[in-house]
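coords_3.pdb (PDB, N, CA and C atoms)
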ATOM      1  N   MET A  30     -72.019 -63.587 -73.003
ATOM      2  CA  MET A  30     -71.024 -62.825 -72.273
ATOM      3  C   MET A  30     -69.769 -63.695 -72.118
ATOM      4  N   THR A  31     -68.620 -63.109 -72.416
ATOM      5  CA  THR A  31     -67.371 -63.852 -72.314
ATOM      6  C   THR A  31     -66.931 -63.965 -70.853
ATOM      7  N   VAL A  32     -65.975 -64.825 -70.604
ATOM      8  CA  VAL A  32     -65.440 -64.993 -69.250
ATOM      9  C   VAL A  32     -64.806 -63.685 -68.784
ATOM     10  N   ALA A  33     -64.052 -63.029 -69.670
ATOM     11  CA  ALA A  33     -63.403 -61.766 -69.315
ATOM     12  C   ALA A  33     -64.441 -60.710 -68.922
ATOM     13  N   GLU A  34     -65.548 -60.674 -69.642
ATOM     14  CA  GLU A  34     -66.609 -59.720 -69.323
ATOM     15  C   GLU A  34     -67.261 -60.049 -67.981
ATOM     16  N   GLN A  35     -67.438 -61.328 -67.705
ATOM     17  CA  GLN A  35     -68.007 -61.745 -66.424
ATOM     18  C   GLN A  35     -67.088 -61.362 -65.272
ATOM     19  N   VAL A  36     -65.802 -61.614 -65.442
ATOM     20  CA  VAL A  36     -64.836 -61.258 -64.405
ATOM     21  C   VAL A  36     -64.847 -59.745 -64.190
ATOM     22  N   GLN A  37     -64.863 -59.004 -65.279
ATOM     23  CA  GLN A  37     -64.877 -57.545 -65.182
ATOM     24  C   GLN A  37     -66.132 -57.050 -64.461
ATOM     25  N   GLN A  38     -67.270 -57.629 -64.772
ATOM     26  CA  GLN A  38     -68.532 -57.225 -64.148
ATOM     27  C   GLN A  38     -68.528 -57.521 -62.650
ATOM     28  N   ILE A  39     -68.087 -58.696 -62.283
ATOM     29  CA  ILE A  39     -68.058 -59.073 -60.867
ATOM     30  C   ILE A  39     -67.043 -58.225 -60.112
ATOM     31  N   THR A  40     -65.859 -58.030 -60.715
ATOM     32  CA  THR A  40     -64.805 -57.258 -60.066
ATOM     33  C   THR A  40     -65.234 -55.806 -59.849
ATOM     34  N   ALA A  41     -65.976 -55.262 -60.779
ATOM     35  CA  ALA A  41     -66.429 -53.870 -60.667
ATOM     36  C   ALA A  41     -67.352 -53.666 -59.466
ATOM     37  N   GLN A  42     -67.989 -54.732 -59.010
ATOM     38  CA  GLN A  42     -68.902 -54.636 -57.867
ATOM     39  C   GLN A  42     -68.185 -54.756 -56.526
ATOM     40  N   LEU A  43     -66.912 -55.125 -56.564
ATOM     41  CA  LEU A  43     -66.150 -55.297 -55.325
ATOM     42  C   LEU A  43     -65.599 -53.963 -54.831
ATOM     43  N   PRO A  44     -65.344 -53.873 -53.520
ATOM     44  CA  PRO A  44     -64.692 -52.672 -53.001
ATOM     45  C   PRO A  44     -63.255 -52.584 -53.536
ATOM     46  N   PRO A  45     -62.665 -51.390 -53.570
ATOM     47  CA  PRO A  45     -61.329 -51.207 -54.151
ATOM     48  C   PRO A  45     -60.253 -52.141 -53.599
ATOM     49  N   GLU A  46     -60.267 -52.390 -52.287
ATOM     50  CA  GLU A  46     -59.225 -53.263 -51.725
ATOM     51  C   GLU A  46     -59.357 -54.697 -52.234
ATOM     52  N   LYS A  47     -60.582 -55.140 -52.483
ATOM     53  CA  LYS A  47     -60.793 -56.485 -53.042
ATOM     54  C   LYS A  47     -60.417 -56.516 -54.523
ATOM     55  N   GLN A  48     -60.625 -55.414 -55.215
ATOM     56  CA  GLN A  48     -60.218 -55.330 -56.616
ATOM     57  C   GLN A  48     -58.696 -55.464 -56.732
ATOM     58  N   ILE A  49     -57.991 -54.882 -55.773
ATOM     59  CA  ILE A  49     -56.533 -55.001 -55.747
ATOM     60  C   ILE A  49     -56.134 -56.455 -55.532
ATOM     61  N   GLU A  50     -56.842 -57.158 -54.668
ATOM     62  CA  GLU A  50     -56.556 -58.578 -54.438
ATOM     63  C   GLU A  50     -56.774 -59.391 -55.715
ATOM     64  N   VAL A  51     -57.852 -59.076 -56.439
ATOM     65  CA  VAL A  51     -58.124 -59.764 -57.703
ATOM     66  C   VAL A  51     -56.991 -59.491 -58.690
ATOM     67  N   LEU A  52     -56.547 -58.247 -58.774
ATOM     68  CA  LEU A  52     -55.452 -57.892 -59.664
ATOM     69  C   LEU A  52     -54.176 -58.636 -59.295
ATOM     70  N   ASP A  53     -53.868 -58.703 -58.004
ATOM     71  CA  ASP A  53     -52.684 -59.433 -57.544
ATOM     72  C   ASP A  53     -52.769 -60.914 -57.925
ATOM     73  N   PHE A  54     -53.951 -61.490 -57.740
ATOM     74  CA  PHE A  54     -54.139 -62.899 -58.062
ATOM     75  C   PHE A  54     -53.970 -63.157 -59.558
ATOM     76  N   VAL A  55     -54.577 -62.317 -60.365
ATOM     77  CA  VAL A  55     -54.474 -62.471 -61.818
ATOM     78  C   VAL A  55     -53.016 -62.290 -62.263
ATOM     79  N   SER A  56     -52.323 -61.348 -61.668
ATOM     80  CA  SER A  56     -50.910 -61.136 -61.997
ATOM     81  C   SER A  56     -50.078 -62.357 -61.639
ATOM     82  N   SER A  57     -50.359 -62.971 -60.488
ATOM     83  CA  SER A  57     -49.606 -64.171 -60.096
ATOM     84  C   SER A  57     -49.888 -65.324 -61.052
ATOM     85  N   LEU A  58     -51.122 -65.444 -61.525
ATOM     86  CA  LEU A  58     -51.446 -66.479 -62.505
ATOM     87  C   LEU A  58     -50.699 -66.239 -63.810
ATOM     88  N   GLN A  59     -50.622 -64.979 -64.207
ATOM     89  CA  GLN A  59     -49.923 -64.636 -65.438
ATOM     90  C   GLN A  59     -48.427 -64.943 -65.318
ATOM     91  N   ASN A  60     -47.829 -64.580 -64.194
ATOM     92  CA  ASN A  60     -46.410 -64.858 -63.976
ATOM     93  C   ASN A  60     -46.139 -66.352 -63.967
ATOM     94  N   LYS A  61     -47.023 -67.097 -63.340
ATOM     95  CA  LYS A  61     -46.867 -68.554 -63.274
ATOM     96  C   LYS A  61     -46.946 -69.157 -64.668
ATOM     97  N   THR A  62     -47.853 -68.668 -65.490
ATOM     98  CA  THR A  62     -48.017 -69.164 -66.853
ATOM     99  C   THR A  62     -46.779 -68.879 -67.682
ATOM    100  N   VAL A  63     -46.235 -67.677 -67.562
ATOM    101  CA  VAL A  63     -45.026 -67.315 -68.301
ATOM    102  C   VAL A  63     -43.868 -68.181 -67.852
ATOM    103  N   PHE A  64     -43.714 -68.366 -66.546
ATOM    104  CA  PHE A  64     -42.624 -69.191 -66.016
ATOM    105  C   PHE A  64     -42.727 -70.623 -66.512
ATOM    106  N   LEU A  65     -43.912 -71.195 -66.461
ATOM    107  CA  LEU A  65     -44.086 -72.580 -66.883
ATOM    108  C   LEU A  65     -43.823 -72.749 -68.368
ATOM    109  N   SER A  66     -44.181 -71.770 -69.181
ATOM    110  CA  SER A  66     -43.926 -71.894 -70.611
ATOM    111  C   SER A  66     -42.432 -71.828 -70.902
ATOM    112  N   VAL A  67     -41.682 -71.042 -70.144
ATOM    113  CA  VAL A  67     -40.234 -70.971 -70.325
ATOM    114  C   VAL A  67     -39.585 -72.269 -69.875
ATOM    115  N   VAL A  68     -40.001 -72.785 -68.740
ATOM    116  CA  VAL A  68     -39.423 -74.013 -68.204
ATOM    117  C   VAL A  68     -39.721 -75.204 -69.104
ATOM    118  N   SER A  69     -40.908 -75.266 -69.651
ATOM    119  CA  SER A  69     -41.292 -76.421 -70.447
ATOM    120  C   SER A  69     -40.521 -76.518 -71.759
ATOM    121  N   HIS A  70     -39.925 -75.431 -72.234
ATOM    122  CA  HIS A  70     -39.181 -75.457 -73.481
ATOM    123  C   HIS A  70     -37.713 -75.830 -73.296
ATOM    124  N   ARG A  71     -37.269 -75.996 -72.073
ATOM    125  CA  ARG A  71     -35.889 -76.366 -71.819
ATOM    126  C   ARG A  71     -35.730 -77.881 -71.902
ATOM    127  N   THR A  72     -34.591 -78.316 -72.355
ATOM    128  CA  THR A  72     -34.301 -79.741 -72.409
ATOM    129  C   THR A  72     -33.050 -80.007 -71.590
ATOM    130  N   LEU A  73     -32.761 -81.273 -71.371
ATOM    131  CA  LEU A  73     -31.557 -81.636 -70.635
ATOM    132  C   LEU A  73     -30.303 -81.203 -71.375
ATOM    133  N   LYS A  74     -30.365 -81.149 -72.695
ATOM    134  CA  LYS A  74     -29.207 -80.716 -73.466
ATOM    135  C   LYS A  74     -28.856 -79.253 -73.188
ATOM    136  N   ASP A  75     -29.805 -78.486 -72.693
ATOM    137  CA  ASP A  75     -29.554 -77.081 -72.357
ATOM    138  C   ASP A  75     -28.849 -76.925 -71.016
ATOM    139  N   HIS A  76     -28.820 -77.994 -70.230
ATOM    140  CA  HIS A  76     -28.200 -77.920 -68.902
ATOM    141  C   HIS A  76     -26.682 -77.831 -69.031
ATOM    142  N   ALA A  77     -26.053 -77.051 -68.155
ATOM    143  CA  ALA A  77     -24.604 -76.826 -68.213
ATOM    144  C   ALA A  77     -23.804 -78.111 -68.053
ATOM    145  N   ALA A  78     -24.353 -79.092 -67.321
ATOM    146  CA  ALA A  78     -23.617 -80.333 -67.081
ATOM    147  C   ALA A  78     -23.697 -81.312 -68.254
ATOM    148  N   PHE A  79     -24.595 -81.066 -69.191
ATOM    149  CA  PHE A  79     -24.764 -81.993 -70.301
ATOM    150  C   PHE A  79     -23.481 -82.052 -71.128
ATOM    151  N   GLY A  80     -22.960 -83.250 -71.306
ATOM    152  CA  GLY A  80     -21.768 -83.447 -72.102
ATOM    153  C   GLY A  80     -20.469 -83.173 -71.377
ATOM    154  N   SER A  81     -20.537 -82.920 -70.075
ATOM    155  CA  SER A  81     -19.323 -82.566 -69.335
ATOM    156  C   SER A  81     -18.333 -83.725 -69.250
ATOM    157  N   TRP A  82     -18.789 -84.965 -69.450
ATOM    158  CA  TRP A  82     -17.892 -86.127 -69.392
ATOM    159  C   TRP A  82     -17.535 -86.626 -70.795
ATOM    160  N   LYS A  83     -17.915 -85.903 -71.799
ATOM    161  CA  LYS A  83     -17.731 -86.355 -73.168
ATOM    162  C   LYS A  83     -16.260 -86.627 -73.505
ATOM    163  N   GLN A  84     -15.369 -85.801 -73.013
ATOM    164  CA  GLN A  84     -13.950 -85.930 -73.319
ATOM    165  C   GLN A  84     -13.251 -87.002 -72.482
ATOM    166  N   ARG A  85     -13.870 -87.472 -71.443
ATOM    167  CA  ARG A  85     -13.265 -88.475 -70.568
ATOM    168  C   ARG A  85     -13.404 -89.859 -71.172
ATOM    169  N   GLN A  86     -12.418 -90.684 -70.938
ATOM    170  CA  GLN A  86     -12.425 -92.061 -71.437
ATOM    171  C   GLN A  86     -12.924 -92.986 -70.325
ATOM    172  N   ILE A  87     -14.156 -92.775 -69.897
ATOM    173  CA  ILE A  87     -14.728 -93.532 -68.788
ATOM    174  C   ILE A  87     -16.048 -94.152 -69.235
ATOM    175  N   ASP A  88     -16.226 -95.421 -68.894
ATOM    176  CA  ASP A  88     -17.502 -96.077 -69.145
ATOM    177  C   ASP A  88     -18.443 -95.677 -68.015
ATOM    178  N   ALA A  89     -19.455 -94.931 -68.345
ATOM    179  CA  ALA A  89     -20.354 -94.376 -67.332
ATOM    180  C   ALA A  89     -21.060 -95.456 -66.527
ATOM    181  N   VAL A  90     -21.433 -96.552 -67.164
ATOM    182  CA  VAL A  90     -22.135 -97.632 -66.465
ATOM    183  C   VAL A  90     -21.213 -98.284 -65.441
ATOM    184  N   ASN A  91     -19.985 -98.562 -65.843
ATOM    185  CA  ASN A  91     -19.034 -99.149 -64.901
ATOM    186  C   ASN A  91     -18.723 -98.183 -63.759
ATOM    187  N   TYR A  92     -18.588 -96.937 -64.087
ATOM    188  CA  TYR A  92     -18.331 -95.923 -63.053
ATOM    189  C   TYR A  92     -19.472 -95.904 -62.040
ATOM    190  N   GLN A  93     -20.687 -95.947 -62.537
ATOM    191  CA  GLN A  93     -21.869 -95.949 -61.671
ATOM    192  C   GLN A  93     -21.908 -97.203 -60.801
ATOM    193  N   ARG A  94     -21.593 -98.330 -61.377
ATOM    194  CA  ARG A  94     -21.565 -99.584 -60.617
ATOM    195  C   ARG A  94     -20.521 -99.522 -59.497
ATOM    196  N   SER A  95     -19.354 -98.952 -59.810
ATOM    197  CA  SER A  95     -18.317 -98.869 -58.797
ATOM    198  C   SER A  95     -18.734 -97.953 -57.646
ATOM    199  N   LEU A  96     -19.446 -96.909 -57.953
ATOM    200  CA  LEU A  96     -19.935 -96.016 -56.896
ATOM    201  C   LEU A  96     -20.955 -96.724 -56.001
ATOM    202  N   ARG A  97     -21.803 -97.510 -56.622
ATOM    203  CA  ARG A  97     -22.861 -98.191 -55.855
ATOM    204  C   ARG A  97     -22.336 -99.390 -55.061
ATOM    205  N   SER A  98     -21.213 -99.924 -55.457
ATOM    206  CA  SER A  98     -20.692-101.105 -54.770
ATOM    207  C   SER A  98     -19.976-100.751 -53.477
ATOM    208  N   ASP A  99     -19.617 -99.512 -53.294
ATOM    209  CA  ASP A  99     -18.898 -99.082 -52.067
ATOM    210  C   ASP A  99     -19.794 -99.067 -50.869
TER
END

Translate the structure of the given file into structure tokens.
Amino acid sequence: MTVAEQVQQITAQLPPEKQIEVLDFVSSLQNKTVFLSVVSHRTLKDHAAFGSWKQRQIDAVNYQRSLRSD
């Protein structure tokens, strides 16, 4: 018996209100899985701020040091 069949068998024995809870839980797991797969495919290069200082003639390391020295 597969896991899906086991879940179906157990769920069928529950009262309707508990079946709704199981459905809600499974839906939340599905949404979480979809969200995580979308998030995991993003890189820093996709971020809007990436490359925003490219045109500036500033040494980023020196700029950072000056900020930290204040």

*Report the residues of chain A whose backbone DSSP state falls under helix (DSSP H, G or I), written as a VMD selection string.*
chain A and resid 32 to 41 45 to 69 73 to 75 89 to 98

*asked:* Please report the interatomic distance between CA of Leu52 in chain A and CA of Ile39 in chain A in Å with one decimal.
replied: 12.7 Å

Edge lengths and centre in Å to one decimal, as JSON, is what I'm after for the box along x, y and z that holds all listed atoms of range 38-57 of chain A once 8 Å is added on each side.
{"center_x": -59.3, "center_y": -58.3, "center_z": -58.2, "size_x": 35.3, "size_y": 30.1, "size_z": 29.0}

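Counting from atom C of Ser57 in chain A, the distance to atom C of Thr72 in chain A is 24.7 Å.
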
*Quick one: distance from CA of Val36 in chain A to CA of Gln48 in chain A in Å, one decimal?*
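So the answer is 10.8 Å.
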
Export N, CA and C atoms of range 74-90 of chain A from the structure just given, as a tab-separated table (two decimals), in the first residue's frame?
chain	number	residue	atom	x	y	z
A	74	LYS	N	21.80	38.03	-8.24
A	74	LYS	CA	21.79	38.80	-9.47
A	74	LYS	C	20.37	39.20	-9.88
A	75	ASP	N	19.38	38.48	-9.40
A	75	ASP	CA	17.98	38.80	-9.70
A	75	ASP	C	17.45	39.95	-8.85
A	76	HIS	N	18.18	40.30	-7.80
A	76	HIS	CA	17.73	41.37	-6.90
A	76	HIS	C	17.86	42.73	-7.59
A	77	ALA	N	16.90	43.61	-7.34
A	77	ALA	CA	16.87	44.93	-7.99
A	77	ALA	C	18.11	45.77	-7.67
A	78	ALA	N	18.71	45.55	-6.49
A	78	ALA	CA	19.87	46.36	-6.10
A	78	ALA	C	21.17	45.87	-6.73
A	79	PHE	N	21.17	44.68	-7.30
A	79	PHE	CA	22.39	44.14	-7.86
A	79	PHE	C	22.87	45.02	-9.01
A	80	GLY	N	24.11	45.47	-8.92
A	80	GLY	CA	24.70	46.28	-9.96
A	80	GLY	C	24.34	47.75	-9.90
A	81	SER	N	23.65	48.17	-8.84
A	81	SER	CA	23.21	49.56	-8.76
A	81	SER	C	24.37	50.54	-8.62
A	82	TRP	N	25.54	50.07	-8.19
A	82	TRP	CA	26.71	50.96	-8.04
A	82	TRP	C	27.69	50.78	-9.19
A	83	LYS	N	27.32	50.03	-10.18
A	83	LYS	CA	28.23	49.70	-11.27
A	83	LYS	C	28.77	50.95	-11.98
A	84	GLN	N	27.93	51.94	-12.18
A	84	GLN	CA	28.31	53.14	-12.90
A	84	GLN	C	29.11	54.13	-12.04
A	85	ARG	N	29.12	53.96	-10.75
A	85	ARG	CA	29.82	54.87	-9.85
A	85	ARG	C	31.30	54.55	-9.82
A	86	GLN	N	32.10	55.57	-9.68
A	86	GLN	CA	33.56	55.42	-9.61
A	86	GLN	C	33.98	55.39	-8.14
A	87	ILE	N	33.50	54.40	-7.41
A	87	ILE	CA	33.76	54.31	-5.97
A	87	ILE	C	34.34	52.93	-5.66
A	88	ASP	N	35.39	52.92	-4.85
A	88	ASP	CA	35.94	51.66	-4.37
A	88	ASP	C	35.07	51.20	-3.21
A	89	ALA	N	34.38	50.12	-3.40
A	89	ALA	CA	33.41	49.65	-2.41
A	89	ALA	C	34.06	49.32	-1.07
A	90	VAL	N	35.26	48.77	-1.10
A	90	VAL	CA	35.95	48.41	0.15
A	90	VAL	C	36.31	49.66	0.94
